[in-house]
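Student: My file is structure_16.txt. It has compact mmCIF, C-alpha atoms:
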# COMPACT_ATOMS: atom_id res chain seq x y z
CA MET A 28 -136.98 255.01 57.63
CA LEU A 29 -136.62 251.23 57.83
CA PHE A 30 -138.97 250.91 54.85
CA ARG A 31 -136.75 253.27 52.82
CA ILE A 32 -133.63 251.35 53.79
CA ALA A 33 -135.27 248.09 52.72
CA ILE A 34 -136.21 249.61 49.36
CA CYS A 35 -132.67 250.93 48.85
CA CYS A 36 -131.16 247.57 49.75
CA GLY A 37 -133.56 245.83 47.40
CA LEU A 38 -132.67 248.17 44.54
CA ALA A 39 -128.96 247.76 45.20
CA LEU A 40 -129.30 243.98 45.19
CA GLY A 41 -131.31 244.10 41.98
CA LEU A 42 -128.73 246.31 40.27
CA SER A 43 -125.92 244.05 41.46
CA GLU A 44 -127.63 240.95 40.07
CA HIS A 45 -128.32 242.76 36.79
CA ALA A 46 -124.65 243.78 36.52
CA GLN A 47 -123.53 240.21 37.18
CA ALA A 48 -125.91 238.87 34.52
CA ALA A 49 -124.67 241.47 32.02
CA GLY A 50 -121.08 240.56 32.83
CA LYS A 51 -121.73 236.87 32.23
CA GLU A 52 -123.43 237.62 28.92
CA SER A 53 -120.46 239.76 27.88
CA ASP A 54 -118.03 237.00 28.90
CA TYR A 55 -119.97 234.44 26.87
CA LYS A 56 -119.77 236.61 23.75
CA ILE A 57 -116.02 236.93 24.30
CA TYR A 58 -115.70 233.15 24.69
CA LYS A 59 -117.44 232.64 21.35
CA GLN A 60 -115.31 235.23 19.58
CA VAL A 61 -112.06 233.83 20.99
CA THR A 62 -113.11 230.32 19.92
CA ARG A 63 -113.77 231.55 16.37
CA ASP A 64 -110.40 233.35 16.36
CA LEU A 65 -108.58 230.18 17.43
CA TYR A 66 -110.22 228.22 14.62
CA ALA A 67 -109.34 230.98 12.14
CA ALA A 68 -105.72 230.94 13.36
CA GLY A 69 -105.50 227.18 12.83
CA LEU A 70 -104.97 226.46 16.51
CA TYR A 71 -108.16 224.39 16.77
CA ILE A 72 -108.77 221.45 14.46
CA PRO A 73 -111.54 222.48 12.01
CA PRO A 74 -114.49 220.15 11.30
CA GLU A 75 -114.32 218.20 8.03
CA ARG A 76 -117.05 217.07 5.67
CA GLU A 77 -118.17 213.62 6.81
CA GLU A 78 -121.03 211.18 6.27
CA THR A 79 -122.59 212.26 9.57
CA VAL A 80 -122.39 215.70 11.15
CA GLY A 81 -121.53 215.54 14.85
CA LEU A 82 -122.41 218.65 16.84
CA LEU A 83 -120.54 217.64 20.00
CA GLU A 84 -117.20 216.49 18.64
CA CYS A 85 -114.00 217.50 20.45
CA PRO A 86 -112.56 220.31 18.34
CA ALA A 87 -110.11 221.87 20.77
CA ILE A 88 -106.50 220.87 21.20
CA ASP A 89 -106.32 223.55 23.87
CA ILE A 90 -107.88 221.76 26.86
CA LEU A 91 -105.44 222.88 29.56
CA ASP A 92 -107.88 225.20 31.32
CA MET A 93 -110.65 222.59 31.26
CA ARG A 94 -108.69 220.52 33.77
CA ASP A 95 -108.43 223.44 36.16
CA GLN A 96 -111.49 224.09 38.32
CA THR A 97 -110.62 227.77 38.61
CA THR A 98 -111.17 228.27 34.87
CA ASN A 99 -113.62 225.46 34.08
CA ASP A 100 -116.50 227.76 33.15
CA ALA A 101 -119.52 225.94 31.70
CA ARG A 102 -120.23 228.92 29.43
CA ARG A 103 -116.73 228.65 28.00
CA ILE A 104 -117.35 225.00 27.10
CA LEU A 105 -120.79 225.79 25.69
CA ALA A 106 -119.29 228.55 23.52
CA ARG A 107 -116.84 226.02 22.10
CA ASP A 108 -119.62 223.51 21.44
CA ILE A 109 -121.90 226.08 19.76
CA VAL A 110 -119.15 227.46 17.52
CA HIS A 111 -118.03 223.95 16.59
CA SER A 112 -121.62 222.98 15.75
CA GLU A 113 -121.99 225.96 13.43
CA LEU A 114 -118.66 225.25 11.72
CA ALA A 115 -119.44 221.53 11.36
CA LEU A 116 -122.80 222.27 9.72
CA LYS A 117 -121.20 224.84 7.43
CA ALA A 118 -118.46 222.36 6.46
CA ALA A 119 -121.17 219.81 5.63
CA GLY A 120 -122.76 222.26 3.19
CA TYR A 121 -125.77 223.20 5.31
CA PRO A 122 -127.31 226.58 4.38
CA LYS A 123 -127.67 228.82 7.43
CA GLU A 124 -131.45 228.90 7.17
CA LEU A 125 -131.63 225.15 7.87
CA TYR A 126 -129.92 225.31 11.26
CA GLU A 127 -129.78 228.91 12.49
CA LYS A 128 -133.06 228.83 14.46
CA ALA A 129 -132.35 225.41 16.00
CA ILE A 130 -128.87 226.45 17.16
CA ALA A 131 -130.14 229.78 18.52
CA ALA A 132 -132.90 228.02 20.48
CA LEU A 133 -130.39 225.47 21.77
CA GLU A 134 -128.03 228.23 22.89
CA THR A 135 -130.77 230.12 24.73
CA LYS A 136 -131.95 226.97 26.50
CA ALA A 137 -128.41 225.94 27.40
CA LEU A 138 -127.49 229.32 28.88
CA SER A 139 -130.65 229.23 30.96
CA GLY A 140 -129.81 225.67 32.04
CA ILE A 141 -126.31 226.65 33.11
CA ALA A 142 -127.72 229.54 35.18
CA THR A 143 -130.22 227.33 37.03
CA HIS A 144 -128.67 223.86 37.08
CA PRO A 145 -125.09 223.52 38.45
CA ASN A 146 -124.46 220.23 36.64
CA TYR A 147 -126.15 221.17 33.38
CA MET A 148 -123.11 220.37 31.21
CA PHE A 149 -123.02 216.83 32.59
CA ASP A 150 -126.73 216.11 33.05
CA ARG A 151 -128.60 217.91 30.31
CA GLU A 152 -126.34 219.36 27.60
CA ARG A 153 -126.24 216.22 25.49
CA SER A 154 -130.03 215.77 25.44
CA ASP A 155 -130.46 219.39 24.36
CA PHE A 156 -127.99 218.90 21.51
CA GLU A 157 -129.85 215.72 20.51
CA ALA A 158 -133.08 217.74 20.33
CA ALA A 159 -131.35 220.37 18.18
CA ALA A 160 -129.98 217.67 15.87
CA SER A 161 -133.49 216.23 15.50
CA GLN A 162 -134.88 219.64 14.58
CA ILE A 163 -132.13 220.23 12.00
CA ASN A 164 -132.78 216.80 10.48
CA LYS A 165 -136.44 217.74 10.03
CA MET A 166 -135.34 220.83 8.13
CA ARG A 167 -132.91 218.71 6.10
CA LYS A 168 -135.67 216.34 5.00
CA ARG A 169 -137.79 219.27 3.80
CA SER A 170 -134.89 220.55 1.73
CA THR A 171 -134.08 219.46 -1.81
CA LEU A 172 -130.36 219.38 -0.97
CA LYS A 173 -128.50 216.13 -0.34
CA LEU A 174 -127.06 216.70 3.12
CA ALA A 175 -125.48 214.50 5.77
CA LYS A 176 -127.55 213.41 8.77
CA VAL A 177 -126.96 215.38 11.97
CA GLU A 178 -126.29 213.74 15.34
CA ALA A 179 -125.45 215.05 18.80
CA GLY A 180 -121.91 213.74 18.32
CA ALA A 181 -119.29 211.79 20.19
CA GLU A 182 -118.50 212.01 23.89
CA CYS A 183 -115.44 214.18 24.46
CA ASP A 184 -112.25 212.89 26.03
CA THR A 185 -110.44 215.92 27.42
CA GLU A 186 -107.57 214.06 29.08
CA LEU A 187 -104.10 215.16 28.07
CA ASN A 188 -100.78 213.67 29.02
CA ASP A 189 -98.62 215.55 31.50
CA ILE A 190 -94.97 216.15 30.67
CA PRO A 191 -92.37 216.00 33.45
CA LEU A 192 -90.90 219.44 34.07
CA LYS A 193 -87.18 219.94 34.68
CA LEU A 194 -86.17 223.25 36.20
CA PRO A 195 -83.07 224.19 38.17
CA LYS A 196 -83.46 224.65 41.91
CA GLY A 197 -85.22 227.88 42.82
CA ALA A 198 -86.88 228.39 39.42
CA ARG A 199 -90.70 228.46 39.06
CA LEU A 200 -92.91 228.15 35.97
CA TRP A 201 -96.53 229.21 35.36
CA GLN A 202 -98.68 228.16 32.41
CA ILE A 203 -101.92 229.43 30.84
CA SER A 204 -103.99 228.14 27.93
CA GLU A 205 -104.05 230.07 24.68
CA PHE A 206 -107.80 230.44 25.12
CA GLU A 207 -107.66 232.15 28.52
CA PHE A 208 -104.69 234.24 27.36
CA ARG A 209 -106.75 235.60 24.45
CA VAL A 210 -109.78 236.17 26.67
CA CYS A 211 -107.67 238.52 28.79
CA GLN A 212 -106.41 240.29 25.66
CA THR A 213 -109.99 240.77 24.45
CA LYS A 214 -110.96 242.21 27.84
CA ALA A 215 -108.01 244.63 27.59
CA THR A 216 -106.41 242.95 30.61
CA ASP A 217 -102.65 242.41 30.53
CA PRO A 218 -102.51 238.67 29.70
CA TRP A 219 -99.08 238.32 31.33
CA ASP A 220 -100.36 239.69 34.66
CA MET A 221 -100.77 236.51 36.70
CA SER A 222 -102.85 238.26 39.37
CA GLY A 223 -105.16 240.08 36.95
CA CYS A 224 -105.55 237.50 34.19
CA ARG A 225 -107.50 234.39 35.16
CA GLY A 226 -106.09 231.03 34.19
CA TRP A 227 -102.44 231.13 35.23
CA THR A 228 -101.44 228.01 37.18
CA GLU A 229 -98.08 227.11 38.61
CA ALA A 230 -96.55 223.96 37.18
CA ARG A 231 -95.25 221.81 40.03
CA GLY A 232 -93.07 219.08 38.56
CA LYS A 233 -95.12 218.71 35.36
CA VAL A 234 -96.72 220.74 32.59
CA ALA A 235 -99.84 220.04 30.51
CA GLY A 236 -98.73 218.58 27.20
CA GLY A 237 -100.44 218.96 23.86
CA ALA A 238 -101.84 222.37 24.72
CA VAL A 239 -101.08 225.56 22.88
CA SER A 240 -100.17 227.82 25.74
CA GLU A 241 -98.08 230.62 27.10
CA TYR A 242 -95.76 230.19 30.03
CA GLN A 243 -93.50 232.37 32.13
CA ILE A 244 -90.62 231.50 34.39
CA ILE A 245 -89.02 233.23 37.32
CA TRP A 246 -85.48 231.89 37.58
CA ALA A 247 -83.63 231.53 40.87
CA ASP A 248 -81.84 234.87 40.38
CA GLY A 249 -85.17 236.69 39.93
CA THR A 250 -84.93 236.96 36.14
CA LYS A 251 -88.34 236.73 34.45
CA GLN A 252 -88.85 235.01 31.11
CA LYS A 253 -91.98 234.85 28.94
CA SER A 254 -92.69 232.44 26.09
CA SER A 255 -95.54 231.54 23.72
CA ALA A 256 -95.27 228.01 22.35
CA PRO A 257 -96.69 224.49 22.67
CA VAL A 258 -94.79 223.25 25.70
CA ASP A 259 -94.18 219.81 24.18
CA LEU A 260 -92.43 221.37 21.17
CA ALA A 261 -90.41 224.16 22.76
CA ASN A 262 -87.07 223.19 24.32
CA GLY A 263 -88.27 219.66 24.97
CA GLY A 264 -85.67 217.24 26.28
CA ASP A 265 -84.65 214.04 24.49
CA ASP A 266 -85.96 212.03 27.44
CA GLY A 267 -89.51 213.32 27.00
CA THR A 268 -89.23 216.00 29.65
CA PHE A 269 -89.84 219.72 29.29
CA ALA A 270 -86.64 221.54 30.17
CA PRO A 271 -86.86 225.22 29.17
CA VAL A 272 -83.58 227.02 28.61
CA LYS A 273 -82.86 230.33 30.26
CA ALA A 274 -82.83 233.08 27.65
CA PRO A 275 -79.78 235.35 27.54
CA ALA A 276 -80.27 238.79 29.09
CA LEU A 277 -80.96 241.54 26.54
Can the structure in the file be given as structure tokens, please?

Tutor:
Amino acid sequence: MLFRIAICCGLALGLSEHAQAAGKESDYKIYKQVTRDLYAAGLYIPPEREETVGLLECPAIDILDMRDQTTNDARRILARDIVHSELALKAAGYPKELYEKAIAALETKALSGIATHPNYMFDRERSDFEAAASQINKMRKRSTLKLAKVEAGAECDTELNDIPLKLPKGARLWQISEFEFRVCQTKATDPWDMSGCRGWTEARGKVAGGAVSEYQIIWADGTKQKSSAPVDLANGGDDGTFAPVKAPAL
């Protein structure tokens, strides 16, 4: 009997781990698709043709969630870096056959690194991108095309300025990045549900500036208000503060 229980427990644990792995793989695919959608919508700055192709440039203006440990998923950042690398190479005129295998190998290695090394994105990601750049350059030299040299790219500075928030007494505001908002939409989760959609954070005296984001307010009288806009452009005060205006009741 104990032997059977042990087998059952082992199977259950194995199935649970398999389900978790499948869920992470599904999430990663969603992260990549959402990143591509944000580029297509013009909400991320697209790579331009330059003398040197940088794989690890900082393409996203939407960095709000990267400052929040609850949403700072290494796979989300990797998805951004992989998509940006592909777009940068395409913008530089690289045919897919010159970089596809190198990027695919990089992606596989990076996902494995994230799963086994907690600090992969800080300790090892750059060296793996340097190796991929080296491999792509070898392919470039074998080609008859005149193409820009590929490098790992610049270090990313993800710091954004906070904007002081002005709300009347009793009012509360929550903010989410456009990226996490769209992830919830893709998963068929109500993106306005703050308990079901990951990424909502309450703004306490300040909001993250420069980020394309959604926000919602509960005013002192209990009225709820939703808005989709860059917080530093919507209802901004003349003194540099963010002072949203209560919308009239419909």

Student: Which residue, A:Glu207, A:Asp220, A:Asp100, A:Glu229, has the smallest gap to Tyr147 (chain A) when you use only C-alpha atoms?

Tutor: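 Of the candidates, the smallest distance to Tyr147 (chain A) is held by A:Asp100.
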
Student: Could you check which of A:Ala137, A:Val110, A:Ala270, A:Cys211 is closest to Leu194 (chain A), using all atoms listed in the file?

Tutor: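 Closest to Leu194 (chain A) of all the choices is A:Ala270.
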
Student: Listed atoms of region 239-255 of chain A, axis-aligned box, 3 Å per side: centre and edge lengths to one decimal in Å, as AutoDock Vina command-line options?

Tutor:
--center_x -91.5 --center_y 231.3 --center_z 31.9 --size_x 25.2 --size_y 17.4 --size_z 24.0

Student: When you count all atoms listed in the file, which of these residues is closest to Tyr71 (chain A): A:Lys123, A:Lys193, A:His111, A:Arg231?

Tutor: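 Looking at the shortest contact to Tyr71 (chain A), the residue is A:His111.
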
Student: Name all residues at most 12 Å from Ala142 (chain A) (count all atoms listed in the file; drop same-chain ones fewer than 2 positions away) and give them as a list of chain:residue names.

Tutor: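 What passes the distance filter is A:Gln47, A:Ala48, A:Lys51, A:Glu52, A:Asp100, A:Ala101, A:Arg102, A:Thr135, A:Lys136, A:Ala137, A:Leu138, A:Ser139, A:Gly140, A:His144, A:Pro145, A:Asn146, A:Tyr147, A:Met148.
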
Student: Please identify all polymer residues lying at most 9 Å from the point (-117.2, 233.4, 25.8) (file coordinates), using only C-alpha atoms, and present the result as an NGL selection string.

Tutor: :A and (51-62 or 102-107 or 210)

Student: My list of candidates is A:Ala158, A:Ile141, A:Leu125, A:Ala68. Which is closest to Thr171 (chain A) when distances are computed with all atoms listed in the file?

Tutor: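 For Thr171 (chain A), the nearest of the candidates is A:Leu125.
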
Student: When you count only C-alpha atoms, which of these residues is closest to Ser222 (chain A): A:Trp201, A:Trp246, A:Phe206, A:Tyr126?

Tutor: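 Nearest candidate to Ser222 (chain A) out of A:Trp201, A:Trp246, A:Phe206, A:Tyr126: A:Trp201.
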
Student: In the coordinates of the file, take the point (-89.5, 227.8, 40.4) and a cut-off of 7 Å; then, counting all atoms listed in the file, name each qualifying protein, DNA or RNA residue as an MDAnalysis selection string.

Tutor: chainID A and resid 196:200 245:247

Student: Using all atoms listed in the file, which of the listed residues (A:Lys168, A:Lys176, A:Lys273, A:Lys128) sits closest to Arg76 (chain A)?

Tutor: A:Lys176
